[in-house]
Structure formats: C-alpha cells, structure tokens
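Chemist: Below you'll find final.pdb; it's PDB, C-alpha atoms and all ligand atoms.
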MODEL        1
ATOM      1  CA  MET A   6      74.441 119.570  76.638  1.00  0.00           C
ATOM      2  CA  TYR A   7      75.736 116.228  75.452  1.00  0.00           C
ATOM      3  CA  PHE A   8      79.097 116.842  77.099  1.00  0.00           C
ATOM      4  CA  LYS A   9      77.480 117.756  80.413  1.00  0.00           C
ATOM      5  CA  SER A  10      75.439 114.574  80.668  1.00  0.00           C
ATOM      6  CA  PHE A  11      78.434 112.489  79.675  1.00  0.00           C
ATOM      7  CA  VAL A  12      80.456 113.900  82.558  1.00  0.00           C
ATOM      8  CA  ALA A  13      77.589 113.338  84.974  1.00  0.00           C
ATOM      9  CA  LEU A  14      77.293 109.725  83.907  1.00  0.00           C
ATOM     10  CA  ILE A  15      80.987 109.083  84.488  1.00  0.00           C
ATOM     11  CA  ALA A  16      80.833 110.736  87.889  1.00  0.00           C
ATOM     12  CA  ALA A  17      77.731 108.811  88.905  1.00  0.00           C
ATOM     13  CA  SER A  18      79.223 105.489  87.931  1.00  0.00           C
ATOM     14  CA  ALA A  19      82.245 106.212  90.065  1.00  0.00           C
ATOM     15  CA  VAL A  20      80.465 106.686  93.338  1.00  0.00           C
ATOM     16  CA  SER A  21      77.368 104.551  92.894  1.00  0.00           C
ATOM     17  CA  ALA A  22      76.486 101.325  91.138  1.00  0.00           C
ATOM     18  CA  ALA A  23      78.778 100.311  88.324  1.00  0.00           C
ATOM     19  CA  PRO A  24      77.944  96.680  87.635  1.00  0.00           C
ATOM     20  CA  ALA A  25      78.892  97.029  83.986  1.00  0.00           C
ATOM     21  CA  ILE A  26      82.449  98.131  84.716  1.00  0.00           C
ATOM     22  CA  LYS A  27      84.867  95.264  84.621  1.00  0.00           C
ATOM     23  CA  LEU A  28      87.210  95.424  87.583  1.00  0.00           C
ATOM     24  CA  ALA A  29      90.898  95.116  86.902  1.00  0.00           C
ATOM     25  CA  ARG A  30      92.133  91.772  88.212  1.00  0.00           C
ATOM     26  CA  ASN A  31      95.749  92.688  87.828  1.00  0.00           C
ATOM     27  CA  VAL A  32      96.901  96.135  88.771  1.00  0.00           C
ATOM     28  CA  GLN A  33      98.404  97.998  85.817  1.00  0.00           C
ATOM     29  CA  PRO A  34     101.325 100.330  86.496  1.00  0.00           C
ATOM     30  CA  TRP A  35     100.884 104.080  86.438  1.00  0.00           C
ATOM     31  CA  GLN A  36     102.056 105.767  83.273  1.00  0.00           C
ATOM     32  CA  ILE A  37     103.942 108.991  82.798  1.00  0.00           C
ATOM     33  CA  THR A  38     102.702 110.139  79.420  1.00  0.00           C
ATOM     34  CA  ARG A  39     104.695 113.360  79.412  1.00  0.00           C
ATOM     35  CA  LEU A  40     107.591 114.795  81.402  1.00  0.00           C
ATOM     36  CA  TYR A  41     109.662 117.795  80.420  1.00  0.00           C
ATOM     37  CA  THR A  42     111.701 120.576  81.931  1.00  0.00           C
ATOM     38  CA  HIS A  43     112.230 124.067  80.600  1.00  0.00           C
ATOM     39  CA  THR A  44     114.895 126.526  81.697  1.00  0.00           C
ATOM     40  CA  PRO A  45     114.588 129.976  80.111  1.00  0.00           C
ATOM     41  CA  SER A  46     117.299 132.117  78.677  1.00  0.00           C
ATOM     42  CA  GLY A  47     118.322 135.030  80.848  1.00  0.00           C
ATOM     43  CA  ARG A  48     117.276 137.506  78.202  1.00  0.00           C
ATOM     44  CA  PRO A  49     115.099 140.400  79.348  1.00  0.00           C
ATOM     45  CA  GLY A  50     111.430 139.988  78.527  1.00  0.00           C
ATOM     46  CA  ASN A  51     111.407 136.208  78.970  1.00  0.00           C
ATOM     47  CA  ASP A  52     109.465 134.546  81.785  1.00  0.00           C
ATOM     48  CA  PRO A  53     112.318 133.925  84.247  1.00  0.00           C
ATOM     49  CA  HIS A  54     110.750 130.768  85.714  1.00  0.00           C
ATOM     50  CA  SER A  55     112.048 127.294  85.144  1.00  0.00           C
ATOM     51  CA  THR A  56     109.440 124.569  84.794  1.00  0.00           C
ATOM     52  CA  LEU A  57     109.040 120.867  85.436  1.00  0.00           C
ATOM     53  CA  ASN A  58     105.780 119.520  83.986  1.00  0.00           C
ATOM     54  CA  ILE A  59     104.523 115.957  84.256  1.00  0.00           C
ATOM     55  CA  THR A  60     101.358 114.151  83.202  1.00  0.00           C
ATOM     56  CA  ILE A  61     100.659 110.913  85.077  1.00  0.00           C
ATOM     57  CA  THR A  62      97.794 108.430  84.711  1.00  0.00           C
ATOM     58  CA  ASP A  63      96.418 105.575  86.772  1.00  0.00           C
ATOM     59  CA  PRO A  64      94.687 103.325  84.204  1.00  0.00           C
ATOM     60  CA  ASN A  65      93.115 101.073  86.837  1.00  0.00           C
ATOM     61  CA  THR A  66      89.490 100.753  87.825  1.00  0.00           C
ATOM     62  CA  ILE A  67      89.793 100.139  91.557  1.00  0.00           C
ATOM     63  CA  PRO A  68      87.048  98.540  93.636  1.00  0.00           C
ATOM     64  CA  ALA A  69      86.028 100.871  96.449  1.00  0.00           C
ATOM     65  CA  GLY A  70      83.387  98.828  98.242  1.00  0.00           C
ATOM     66  CA  GLN A  71      79.730  97.925  98.265  1.00  0.00           C
ATOM     67  CA  SER A  72      77.109 100.603  97.973  1.00  0.00           C
ATOM     68  CA  PRO A  73      73.363  99.832  98.279  1.00  0.00           C
ATOM     69  CA  THR A  74      73.141  99.790  94.492  1.00  0.00           C
ATOM     70  CA  GLY A  75      76.208  97.696  93.744  1.00  0.00           C
ATOM     71  CA  GLN A  76      79.963  97.755  93.561  1.00  0.00           C
ATOM     72  CA  ALA A  77      81.456 101.256  93.786  1.00  0.00           C
ATOM     73  CA  VAL A  78      84.705 101.901  91.945  1.00  0.00           C
ATOM     74  CA  PHE A  79      87.374 104.535  91.509  1.00  0.00           C
ATOM     75  CA  PRO A  80      87.709 105.029  87.741  1.00  0.00           C
ATOM     76  CA  PRO A  81      91.000 105.696  85.929  1.00  0.00           C
ATOM     77  CA  THR A  82      92.413 109.121  86.735  1.00  0.00           C
ATOM     78  CA  SER A  83      95.133 111.414  85.459  1.00  0.00           C
ATOM     79  CA  ALA A  84      96.835 114.564  86.639  1.00  0.00           C
ATOM     80  CA  ASN A  85      99.198 117.326  85.616  1.00  0.00           C
ATOM     81  CA  CYS A  86     101.968 118.032  88.084  1.00  0.00           C
ATOM     82  CA  SER A  87     103.809 121.300  87.628  1.00  0.00           C
ATOM     83  CA  LEU A  88     106.696 122.982  89.402  1.00  0.00           C
ATOM     84  CA  GLN A  89     107.842 126.529  88.682  1.00  0.00           C
ATOM     85  CA  TYR A  90     110.947 127.996  90.284  1.00  0.00           C
ATOM     86  CA  LEU A  91     113.383 130.837  89.746  1.00  0.00           C
ATOM     87  CA  THR A  92     116.701 129.264  90.690  1.00  0.00           C
ATOM     88  CA  ASN A  93     117.792 125.765  91.664  1.00  0.00           C
ATOM     89  CA  GLU A  94     118.099 127.057  95.254  1.00  0.00           C
ATOM     90  CA  ASP A  95     114.329 127.736  95.297  1.00  0.00           C
ATOM     91  CA  VAL A  96     113.363 124.164  94.438  1.00  0.00           C
ATOM     92  CA  PRO A  97     111.156 122.730  97.225  1.00  0.00           C
ATOM     93  CA  TRP A  98     113.103 119.487  97.614  1.00  0.00           C
ATOM     94  CA  GLY A  99     111.193 116.952  99.676  1.00  0.00           C
ATOM     95  CA  VAL A 100     108.036 119.058  99.969  1.00  0.00           C
ATOM     96  CA  GLU A 101     104.731 117.599  98.758  1.00  0.00           C
ATOM     97  CA  GLN A 102     103.092 119.543  95.898  1.00  0.00           C
ATOM     98  CA  SER A 103      99.521 119.227  94.622  1.00  0.00           C
ATOM     99  CA  CYS A 104      98.849 118.103  91.087  1.00  0.00           C
ATOM    100  CA  THR A 105      95.797 119.142  89.054  1.00  0.00           C
ATOM    101  CA  THR A 106      93.517 116.131  88.740  1.00  0.00           C
ATOM    102  CA  ASP A 107      91.097 115.827  85.827  1.00  0.00           C
ATOM    103  CA  ASP A 108      87.604 117.177  86.457  1.00  0.00           C
ATOM    104  CA  ASN A 109      85.843 113.809  86.161  1.00  0.00           C
ATOM    105  CA  THR A 110      87.704 112.268  89.083  1.00  0.00           C
ATOM    106  CA  LYS A 111      88.969 115.122  91.248  1.00  0.00           C
ATOM    107  CA  ALA A 112      86.103 114.711  93.727  1.00  0.00           C
ATOM    108  CA  TYR A 113      87.564 111.404  94.925  1.00  0.00           C
ATOM    109  CA  SER A 114      91.105 111.191  93.576  1.00  0.00           C
ATOM    110  CA  THR A 115      93.961 113.439  94.713  1.00  0.00           C
ATOM    111  CA  TRP A 116      97.427 113.369  93.159  1.00  0.00           C
ATOM    112  CA  ILE A 117     100.492 114.709  94.975  1.00  0.00           C
ATOM    113  CA  PHE A 118     104.108 114.754  93.843  1.00  0.00           C
ATOM    114  CA  THR A 119     107.425 115.403  95.545  1.00  0.00           C
ATOM    115  CA  ILE A 120     110.758 116.236  93.933  1.00  0.00           C
ATOM    116  CA  ASN A 121     113.656 114.710  95.825  1.00  0.00           C
ATOM    117  CA  LYS A 122     117.417 114.974  95.590  1.00  0.00           C
ATOM    118  CA  PRO A 123     118.934 112.048  93.693  1.00  0.00           C
ATOM    119  CA  ALA A 124     121.135 109.471  95.403  1.00  0.00           C
ATOM    120  CA  GLU A 125     124.043 110.380  93.150  1.00  0.00           C
ATOM    121  CA  GLY A 126     125.300 113.544  91.507  1.00  0.00           C
ATOM    122  CA  ALA A 127     124.333 117.162  91.998  1.00  0.00           C
ATOM    123  CA  ALA A 128     120.615 117.784  92.329  1.00  0.00           C
ATOM    124  CA  TYR A 129     119.154 119.855  89.489  1.00  0.00           C
ATOM    125  CA  ALA A 130     115.389 120.122  89.101  1.00  0.00           C
ATOM    126  CA  SER A 131     115.809 120.322  85.336  1.00  0.00           C
ATOM    127  CA  GLU A 132     118.357 117.545  84.796  1.00  0.00           C
ATOM    128  CA  ASN A 133     118.904 115.162  87.722  1.00  0.00           C
ATOM    129  CA  PHE A 134     116.195 114.437  90.287  1.00  0.00           C
ATOM    130  CA  ASP A 135     113.930 111.840  91.833  1.00  0.00           C
ATOM    131  CA  LEU A 136     110.145 112.083  91.800  1.00  0.00           C
ATOM    132  CA  SER A 137     107.647 110.391  94.055  1.00  0.00           C
ATOM    133  CA  PHE A 138     103.918 110.376  93.425  1.00  0.00           C
ATOM    134  CA  LYS A 139     101.029 109.720  95.767  1.00  0.00           C
ATOM    135  CA  LEU A 140      97.449 108.994  94.737  1.00  0.00           C
ATOM    136  CA  VAL A 141      94.789 109.144  97.447  1.00  0.00           C
ATOM    137  CA  ASP A 142      91.409 107.740  96.421  1.00  0.00           C
ATOM    138  CA  TYR A 143      88.609 108.611  98.808  1.00  0.00           C
ATOM    139  CA  VAL A 144      84.880 108.035  98.794  1.00  0.00           C
ATOM    140  CA  HIS A 145      82.181 108.172 101.431  1.00  0.00           C
ATOM    141  CA  LEU A 146      79.881 105.163 101.062  1.00  0.00           C
ATOM    142  CA  PRO A 147      76.876 104.535 103.304  1.00  0.00           C
ATOM    143  CA  GLY A 148      78.321 103.499 106.635  1.00  0.00           C
ATOM    144  CA  GLN A 149      81.953 103.637 105.569  1.00  0.00           C
ATOM    145  CA  GLU A 150      84.728 105.971 104.538  1.00  0.00           C
ATOM    146  CA  VAL A 151      86.976 104.323 101.965  1.00  0.00           C
ATOM    147  CA  THR A 152      90.511 105.619 101.492  1.00  0.00           C
ATOM    148  CA  LYS A 153      93.115 103.934  99.313  1.00  0.00           C
ATOM    149  CA  THR A 154      96.619 105.347  99.079  1.00  0.00           C
ATOM    150  CA  PHE A 155      99.158 104.420  96.428  1.00  0.00           C
ATOM    151  CA  THR A 156     102.755 105.568  96.026  1.00  0.00           C
ATOM    152  CA  GLY A 157     105.437 105.197  93.372  1.00  0.00           C
ATOM    153  CA  GLY A 158     108.423 107.006  91.952  1.00  0.00           C
ATOM    154  CA  ASP A 159     111.624 106.916  89.945  1.00  0.00           C
ATOM    155  CA  HIS A 160     114.864 108.653  89.060  1.00  0.00           C
ATOM    156  CA  PHE A 161     115.138 111.021  86.097  1.00  0.00           C
ATOM    157  CA  GLU A 162     118.402 112.144  84.549  1.00  0.00           C
ATOM    158  CA  VAL A 163     119.520 113.874  81.379  1.00  0.00           C
ATOM    159  CA  GLY A 164     121.834 111.496  79.542  1.00  0.00           C
ATOM    160  CA  ASP A 165     120.180 108.389  81.019  1.00  0.00           C
ATOM    161  CA  ASN A 166     116.521 108.815  80.172  1.00  0.00           C
ATOM    162  CA  MET A 167     115.961 112.460  79.369  1.00  0.00           C
ATOM    163  CA  SER A 168     117.227 114.259  76.304  1.00  0.00           C
ATOM    164  CA  GLY A 169     116.780 117.509  74.449  1.00  0.00           C
ATOM    165  CA  GLN A 170     118.883 120.541  73.886  1.00  0.00           C
ATOM    166  CA  CYS A 171     120.187 123.827  75.148  1.00  0.00           C
ATOM    167  CA  GLY A 172     120.430 126.960  73.040  1.00  0.00           C
ATOM    168  CA  GLY A 173     123.253 129.449  73.024  1.00  0.00           C
ATOM    169  CA  SER A 174     121.166 131.928  75.017  1.00  0.00           C
ATOM    170  CA  GLY A 175     120.990 129.510  77.964  1.00  0.00           C
ATOM    171  CA  VAL A 176     117.531 128.129  77.232  1.00  0.00           C
ATOM    172  CA  CYS A 177     117.283 124.373  77.827  1.00  0.00           C
ATOM    173  CA  ASN A 178     114.464 121.908  77.109  1.00  0.00           C
ATOM    174  CA  TRP A 179     114.618 118.282  78.231  1.00  0.00           C
ATOM    175  CA  ASN A 180     112.051 115.518  77.712  1.00  0.00           C
ATOM    176  CA  LEU A 181     111.615 112.037  79.095  1.00  0.00           C
ATOM    177  CA  ASN A 182     112.771 109.774  76.248  1.00  0.00           C
ATOM    178  CA  ASP A 183     110.383 106.851  76.320  1.00  0.00           C
ATOM    179  CA  THR A 184     106.769 107.646  77.002  1.00  0.00           C
ATOM    180  CA  PRO A 185     104.460 106.312  78.179  1.00  0.00           C
ATOM    181  CA  TYR A 186     106.805 105.254  80.954  1.00  0.00           C
ATOM    182  CA  ASP A 187     105.569 102.788  83.583  1.00  0.00           C
ATOM    183  CA  ILE A 188     105.816 103.622  87.276  1.00  0.00           C
ATOM    184  CA  GLN A 189     105.120 100.605  89.474  1.00  0.00           C
ATOM    185  CA  GLN A 190     102.924 101.826  92.301  1.00  0.00           C
ATOM    186  CA  THR A 191     102.340 100.092  95.613  1.00  0.00           C
ATOM    187  CA  GLU A 192      99.328 100.367  97.846  1.00  0.00           C
ATOM    188  CA  ALA A 193     100.072 101.789 101.278  1.00  0.00           C
ATOM    189  CA  GLU A 194      98.816  99.942 104.345  1.00  0.00           C
ATOM    190  CA  ALA A 195      95.366 101.162 105.304  1.00  0.00           C
TER
HETATM  191  C1  LIG B 201     103.590 123.753  82.667  1.00  0.00           C
HETATM  192  O1  LIG B 201     102.293 123.548  83.173  1.00  0.00           O
HETATM  193  C2  LIG B 201     101.709 124.742  83.662  1.00  0.00           C
HETATM  194  C3  LIG B 201     100.412 124.357  84.375  1.00  0.00           C
HETATM  195  O2  LIG B 201      99.613 123.545  83.557  1.00  0.00           O
HETATM  196  C4  LIG B 201     101.494 125.681  82.494  1.00  0.00           C
HETATM  197  O3  LIG B 201     100.912 126.878  82.952  1.00  0.00           O
HETATM  198  C5  LIG B 201     102.837 125.994  81.867  1.00  0.00           C
HETATM  199  O4  LIG B 201     102.653 126.777  80.706  1.00  0.00           O
HETATM  200  C6  LIG B 201     103.581 124.727  81.489  1.00  0.00           C
HETATM  201  N1  LIG B 201     104.951 125.103  81.139  1.00  0.00           N
HETATM  202  C7  LIG B 201     105.482 124.849  79.953  1.00  0.00           C
HETATM  203  C8  LIG B 201     106.897 125.318  79.757  1.00  0.00           C
HETATM  204  O5  LIG B 201     104.897 124.237  79.078  1.00  0.00           O
HETATM  205  C1  LIG B 202      96.974 118.402  81.434  1.00  0.00           C
HETATM  206  O1  LIG B 202      97.564 119.283  80.497  1.00  0.00           O
HETATM  207  C2  LIG B 202      97.236 118.988  79.158  1.00  0.00           C
HETATM  208  C3  LIG B 202      98.054 119.908  78.265  1.00  0.00           C
HETATM  209  O2  LIG B 202      97.975 121.225  78.706  1.00  0.00           O
HETATM  210  C4  LIG B 202      95.723 119.157  78.998  1.00  0.00           C
HETATM  211  O3  LIG B 202      95.347 118.834  77.682  1.00  0.00           O
HETATM  212  C5  LIG B 202      94.999 118.223  79.965  1.00  0.00           C
HETATM  213  O4  LIG B 202      93.614 118.441  79.907  1.00  0.00           O
HETATM  214  C6  LIG B 202      95.462 118.461  81.382  1.00  0.00           C
HETATM  215  N1  LIG B 202      94.914 117.446  82.268  1.00  0.00           N
HETATM  216  C7  LIG B 202      94.569 117.699  83.538  1.00  0.00           C
HETATM  217  C8  LIG B 202      94.164 116.520  84.331  1.00  0.00           C
HETATM  218  O5  LIG B 202      94.615 118.837  84.004  1.00  0.00           O
HETATM  219  C1  LIG B 203     116.551 106.502  84.412  1.00  0.00           C
HETATM  220  O1  LIG B 203     117.817 105.872  84.409  1.00  0.00           O
HETATM  221  C2  LIG B 203     118.241 105.468  85.710  1.00  0.00           C
HETATM  222  C3  LIG B 203     119.662 104.950  85.589  1.00  0.00           C
HETATM  223  O2  LIG B 203     119.757 104.007  84.557  1.00  0.00           O
HETATM  224  C4  LIG B 203     117.276 104.419  86.239  1.00  0.00           C
HETATM  225  O3  LIG B 203     117.658 104.050  87.553  1.00  0.00           O
HETATM  226  C5  LIG B 203     115.867 105.012  86.282  1.00  0.00           C
HETATM  227  O4  LIG B 203     114.942 104.026  86.677  1.00  0.00           O
HETATM  228  C6  LIG B 203     115.484 105.553  84.912  1.00  0.00           C
HETATM  229  N1  LIG B 203     114.244 106.265  85.012  1.00  0.00           N
HETATM  230  C7  LIG B 203     113.404 106.382  83.968  1.00  0.00           C
HETATM  231  C8  LIG B 203     112.220 107.244  84.188  1.00  0.00           C
HETATM  232  O5  LIG B 203     113.572 105.816  82.894  1.00  0.00           O
ENDMDL
END
So that I can check it, write out the structure of this file as structure tokens.

Modeler:
Amino acid sequence: MYFKSFVALIAASAVSAAPAIKLARNVQPWQITRLYTHTPSGRPGNDPHSTLNITITDPNTIPAGQSPTGQAVFPPTSANCSLQYLTNEDVPWGVEQSCTTDDNTKAYSTWIFTINKPAEGAAYASENFDLSFKLVDYVHLPGQEVTKTFTGGDHFEVGDNMSGQCGGSGVCNWNLNDTPYDIQQTEAEA
C-alpha cells in the first residue's frame, strides 16, 4: 500500500507540477554503475550464452516544459542493458538494442544501447568493444510534445579498464574497474 502510493507520487511529479523539485543547473554526466561480461565454459549443462550486462543512470532532473500546474520535469532514470549471444560472430555490432528502464520512469524515458567495433584491435564483445547509449525523454504536455534526446559512449577493453579472470574450463568474467564511471552525454539537436 505504502509502496504503491510512493510510486504514484513519483510518477505524478514527473509529468505534472513539480515546483518543489530543484532543477539541475549544471548537467551531471551519466554514470555506469555496473558493467561486466561473462563467457561460459563449454562444459555440457552450462548455459552456452555469453553475456554483457550494464547498468546506467542519468542523475539529472531535466526540465520538460510548462504544464498548467507548473514546471514539468523528467526525473533521474536508470536502466539495465543486456546482450546475450552464442558466439562472437552472432554479436549484433552496430544494431540498436533496448534497455530495461526502471518502472518509475519507463513511461517517458527510453534507454537504447549499441555495441560497436572498436577503432583498434580485434572486436570481442566480452573484451574489446565500444558502447554508445541513447536516452530519449518524451512527454505529452497540453499543446506540446516534448522530446529530448541524449547520446554518449566510450571504449571498453580488458587490460585498460576491465579486469577479472578466466578459469581453466574456458569461463571468463570481466568487470569495469572503476565504477561509478562517468559518461559525458550530449543533447542531440531537437
Ligand atoms: C544479465 O542480465 C540479464 C537481464 O537482466 C539477466 O537475466 C542475466 O542473468 C544477467 N547475466 C549475468 C551473467 O548476470
Ligand atoms: C537492474 O538489475 C539489478 C540487478 O539485477 C536490479 O536490482 C535493478 O532493479 C534493475 N534495474 C532496472 C532498471 O531494471
Ligand atoms: C578505457 O581505456 C581507453 C584507453 O585508455 C580509454 O580510451 C577509454 O575512455 C576507457 N574507458 C573507460 C570506460 O574507462
């Protein structure tokens, strides 16, 4: 009961009046709070999929526009982005993938990520890759549709900023070393 009304309050403040919410004057960077890859051993009985899992957060409260009851805002939002593949040849390089956005903000915030081949070295989705992220904030206010699009990304590489270990059976687990890690986003032209 308590939880339900709490969620409703957050949601209401996002799309209607929110005079009490202080708007961020300076945009804070996105933060990757978690990033890891898992490659299974080839042993029978194991899930054969390799995984890349990322959690990303936009800590900003972003002004959306005026509603009849006050300033509407997009509240902070976070998402889990997950890629599962069988072999490195199956990796959808350059293809946009949906992330799972948290329930409180998914009605107006959409996160998308793309894994891209790195500028240097062989592309491996577990060890050497680029990621780009896109956040699309959308709300329908009386008389206007507001869409704000932000993008950002970086390079990720075992040895440079990911570490972990491989086992004798072929299983490997790598993590981003320093989290939270800042990703400087830019707002796309409307
Ligand atoms: C990665 O995330 C997906 C989706 O949330 C989850 O099902 C999966 O168990 C995670 N993989 C690992 C290796 O933690
Ligand atoms: C992301 O995954 C973590 C760990 O499984 C979970 O606690 C969290 O609620 C998830 N967040 C979203 C936005 O799905
Ligand atoms: C990883 O290291 C490379 C090379 O030093 C650098 O270009 C990149 O920005 C770093 N990325 C992260 C997530 O730390």

Chemist: Dump as a Markdown table the rows for residues of chain A within 9 Å of ligand LIG 203 (chain B): closest atom pair and distance in Å with one decimal, only C-alpha atoms and all ligand atoms counted, ordered by chain and rising residue number.

Modeler:
| residue | atom | partner | partner_atom | distance |
| --- | --- | --- | --- | --- |
| A:Ile37 | CA | B:LIG203 | C8 | 8.6 |
| A:Asp135 | CA | B:LIG203 | N1 | 8.8 |
| A:Gly158 | CA | B:LIG203 | C8 | 8.6 |
| A:Asp159 | CA | B:LIG203 | O4 | 5.5 |
| A:His160 | CA | B:LIG203 | C5 | 4.7 |
| A:Phe161 | CA | B:LIG203 | N1 | 5.0 |
| A:Glu162 | CA | B:LIG203 | C1 | 5.9 |
| A:Val163 | CA | B:LIG203 | C1 | 8.5 |
| A:Gly164 | CA | B:LIG203 | O1 | 8.5 |
| A:Asp165 | CA | B:LIG203 | O1 | 4.8 |
| A:Asn166 | CA | B:LIG203 | C1 | 4.8 |
| A:Met167 | CA | B:LIG203 | C1 | 7.8 |
| A:Leu181 | CA | B:LIG203 | C8 | 7.0 |
| A:Asn182 | CA | B:LIG203 | O5 | 7.8 |
| A:Asp183 | CA | B:LIG203 | O5 | 7.4 |
| A:Tyr186 | CA | B:LIG203 | C8 | 6.6 |
| A:Asp187 | CA | B:LIG203 | C8 | 8.0 |
| A:Ile188 | CA | B:LIG203 | C8 | 8.0 |

Chemist: Which protein, DNA or RNA residues have an atom within 12 Å of ligand LIG 201 (chain B), counting all atoms listed in the file, as a ChimeraX atom specification?

Modeler: /A:39-45,51-60,84-90,103-107,131,176-180

Chemist: In Å, with one decimal, what is the gap from atom CA of A:Val78 to atom CA of A:Thr152?

Modeler: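 Going from atom CA of A:Val78 over to atom CA of A:Thr152 covers 11.8 Å.
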
Chemist: When you count all atoms listed in the file, which of these residues is closest to ligand LIG 202 (chain B): A:Asp95, A:Asp108, A:Glu125, A:Asp63?

Modeler: A:Asp108

Chemist: Between A:Ala127, A:Leu136, A:Ile61, A:Val151, which residue has the minimum interatomic distance to ligand LIG 202 (chain B), considering only C-alpha atoms and all ligand atoms?

Modeler: A:Ile61

Chemist: Around all of ligand LIG 202 (chain B)'s listed atoms, make the axis-aligned box with 6 Å on each side and tell me centre and edge lengths in Å to one decimal, as lines of an AutoDock Vina configuration file.

Modeler:
center_x = 95.8
center_y = 118.9
center_z = 81.0
size_x = 16.4
size_y = 16.7
size_z = 18.6

Chemist: Could you spell out the hits of the PyMOL selection byres (((chain A and resi 115) around 9) and not hetatm) on the shown file, as a JSON list (two decimals) with C-alpha atoms, keeping the file's coordinate frame?

Modeler:
[["chain", "number", "residue", "atom", "x", "y", "z"],
["A", 84, "ALA", "CA", 96.84, 114.56, 86.64],
["A", 103, "SER", "CA", 99.52, 119.23, 94.62],
["A", 104, "CYS", "CA", 98.85, 118.10, 91.09],
["A", 105, "THR", "CA", 95.80, 119.14, 89.05],
["A", 106, "THR", "CA", 93.52, 116.13, 88.74],
["A", 110, "THR", "CA", 87.70, 112.27, 89.08],
["A", 111, "LYS", "CA", 88.97, 115.12, 91.25],
["A", 112, "ALA", "CA", 86.10, 114.71, 93.73],
["A", 113, "TYR", "CA", 87.56, 111.40, 94.92],
["A", 114, "SER", "CA", 91.10, 111.19, 93.58],
["A", 116, "TRP", "CA", 97.43, 113.37, 93.16],
["A", 117, "ILE", "CA", 100.49, 114.71, 94.98],
["A", 139, "LYS", "CA", 101.03, 109.72, 95.77],
["A", 140, "LEU", "CA", 97.45, 108.99, 94.74],
["A", 141, "VAL", "CA", 94.79, 109.14, 97.45],
["A", 142, "ASP", "CA", 91.41, 107.74, 96.42],
["A", 143, "TYR", "CA", 88.61, 108.61, 98.81]]

Chemist: Separation of atom CA of A:Gln189 and atom CA of A:Ala124, in Å?

Modeler: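 Spanning atom CA of A:Gln189 to atom CA of A:Ala124 is a straight-line distance of 19.2 Å.
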
Chemist: My list of candidates is A:Asn93, A:Thr74, A:Asn109, A:Asn65. Which is closest to ligand LIG 202 (chain B) when distances are computed with all atoms listed in the file?

Modeler: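 That would be A:Asn109, the residue with the smallest distance to ligand LIG 202 (chain B).
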
Chemist: Have a look at atom CA of A:Asn121 and atom C4 of ligand LIG 202 (chain B) and let me know their distance in Å, one decimal.

Modeler: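 These atoms are spaced 25.0 Å apart.
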
Chemist: Determine the nearest neighbour of ligand LIG 202 (chain B) from the options A:Ser72, A:Ile67, A:Thr38, A:Ser83, counting only C-alpha atoms and all ligand atoms.

Modeler: A:Ser83

Chemist: Of the candidates A:Thr66, A:Pro81, A:Gly175, A:Pro34, which shows the shortest atom-to-atom distance to ligand LIG 202 (chain B), using all atoms listed in the file?

Modeler: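 That would be A:Pro81, the residue with the smallest distance to ligand LIG 202 (chain B).
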
Chemist: With only C-alpha atoms and all ligand atoms as the basis for distance, which of A:Thr82, A:Ser46, A:Gln102, A:Gln36 is at the shortest distance from ligand LIG 202 (chain B)?

Modeler: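 Of all the options, A:Thr82 lies closest to ligand LIG 202 (chain B).
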
Chemist: Would you write out, as a ChimeraX atom specification, every residue that the PyMOL selection byres (((chain A and resi 194) around 9) and not hetatm) captures in this file?

Modeler: /A:153-154,192-193,195
